[in-house]
Each structure stands twice: as structure tokens, then as C-alpha cells.
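Notes to accompany the following structure.
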Amino acid sequence: MPIETREGVNKMRIPSEKELKSIRAKLSKVEPSRLLPKKASKADHVKYKLCEKFVIYLMEHNMSQVELAKKLKVDPSRINEIVKYRIDLYTVDKLMDLAEKLRLDFDVEVA
């Protein structure tokens, strides 16, 4: 959090306990992104990589999940599931269909 100093407003400060408590409360209500299990199937690896493409797309286009949902004509909760890597809720086909609508660049490799 920036504070004003003689040199300008470019120094960081340690948040107060009150601010930290507020941040912790907000974070405790948020479902984190999921990691790929160590013994994930090949299909799960593909789904995980596809989800990653959606996250990159959002960041590169400075787009919200709601905006992306409108563009893809899906419920915003579905985009939220994708960016949190909820691969258990999707098939490879469904993720590929959505990715193709965005013209995402991806290759599927199966060894």
C-alpha cells in the first residue's frame, strides 16, 4: 500500500492489523484455484491446460469474467469455474468448444 514520502508516493508500508484482518476476511470467503493432482489423467492435463488458456486470455484482454461470459454466451459462474481450474466439471470437448469460439491457440498432445 503506497504512502507519501519526501521522494514521492512510491514506497510501500506494512498494512495495519485492521487492514490485514479485513483482507483475511475477504480471502477466507473465496474459493482458491485448484492444482492438478499428481496422478492426473491425460484428459485432466488437457483440461487444465485449456483452463490456463482462458486465464491468460482474460489477463491479455483486460477482461472481466462477466464480459467473457457474455462473449461466450454462458453463465458467469461457468467462467468462474474454468478460471479456478474446476476440471472435474468439464469435458475436454466442452472446453475445446469454448476455446475455439475465442480462437485460442492450443495444441492437444496425447502421448
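Chain lettering (A, B, ...) mirrors the order of the C-alpha cells, residue numbering begins at 1 for each chain separately, and ligand numbering begins at 1 in order of display.
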For region 57-65 of chain A, please output as a list in words all residues within 7 Å (counting only C-alpha atoms; exclusion window: fewer than 2 positions along the same chain).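 My reading of the contact set: Lys53, Phe54, Val55, Glu67, Leu68, Ala69, Pro76, Ile79 and Asn80 of chain A.
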List as a compact mmCIF listing (two decimals) with C-alpha atoms, in the first residue's frame the protein and nucleic acid residues near region 83-95 of chain A, meaning an atom at most 6 Å away when only C-alpha atoms are counted, but skip any in the same chain fewer than 5 places from it.
# COMPACT_ATOMS: atom_id res chain seq x y z
CA SER A 33 -7.88 -22.12 -7.84
CA ARG A 34 -7.24 -25.85 -7.89
CA LYS A 47 -8.43 -29.72 -19.47
CA CYS A 51 -8.37 -23.63 -18.40
CA VAL A 55 -6.95 -17.26 -17.60
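Across A:Ile82, A:Glu17, A:Ile23, A:Asp107, the tightest approach to Ile56 (chain A) is made by A:Ile82 when counting only C-alpha atoms.
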Please indicate the distance in Å from CA of Leu104 (chain A) to CA of Glu81 (chain A), rounded to one decimal place.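 Atom-to-atom, CA of Leu104 (chain A) to CA of Glu81 (chain A), that is 18.1 Å.
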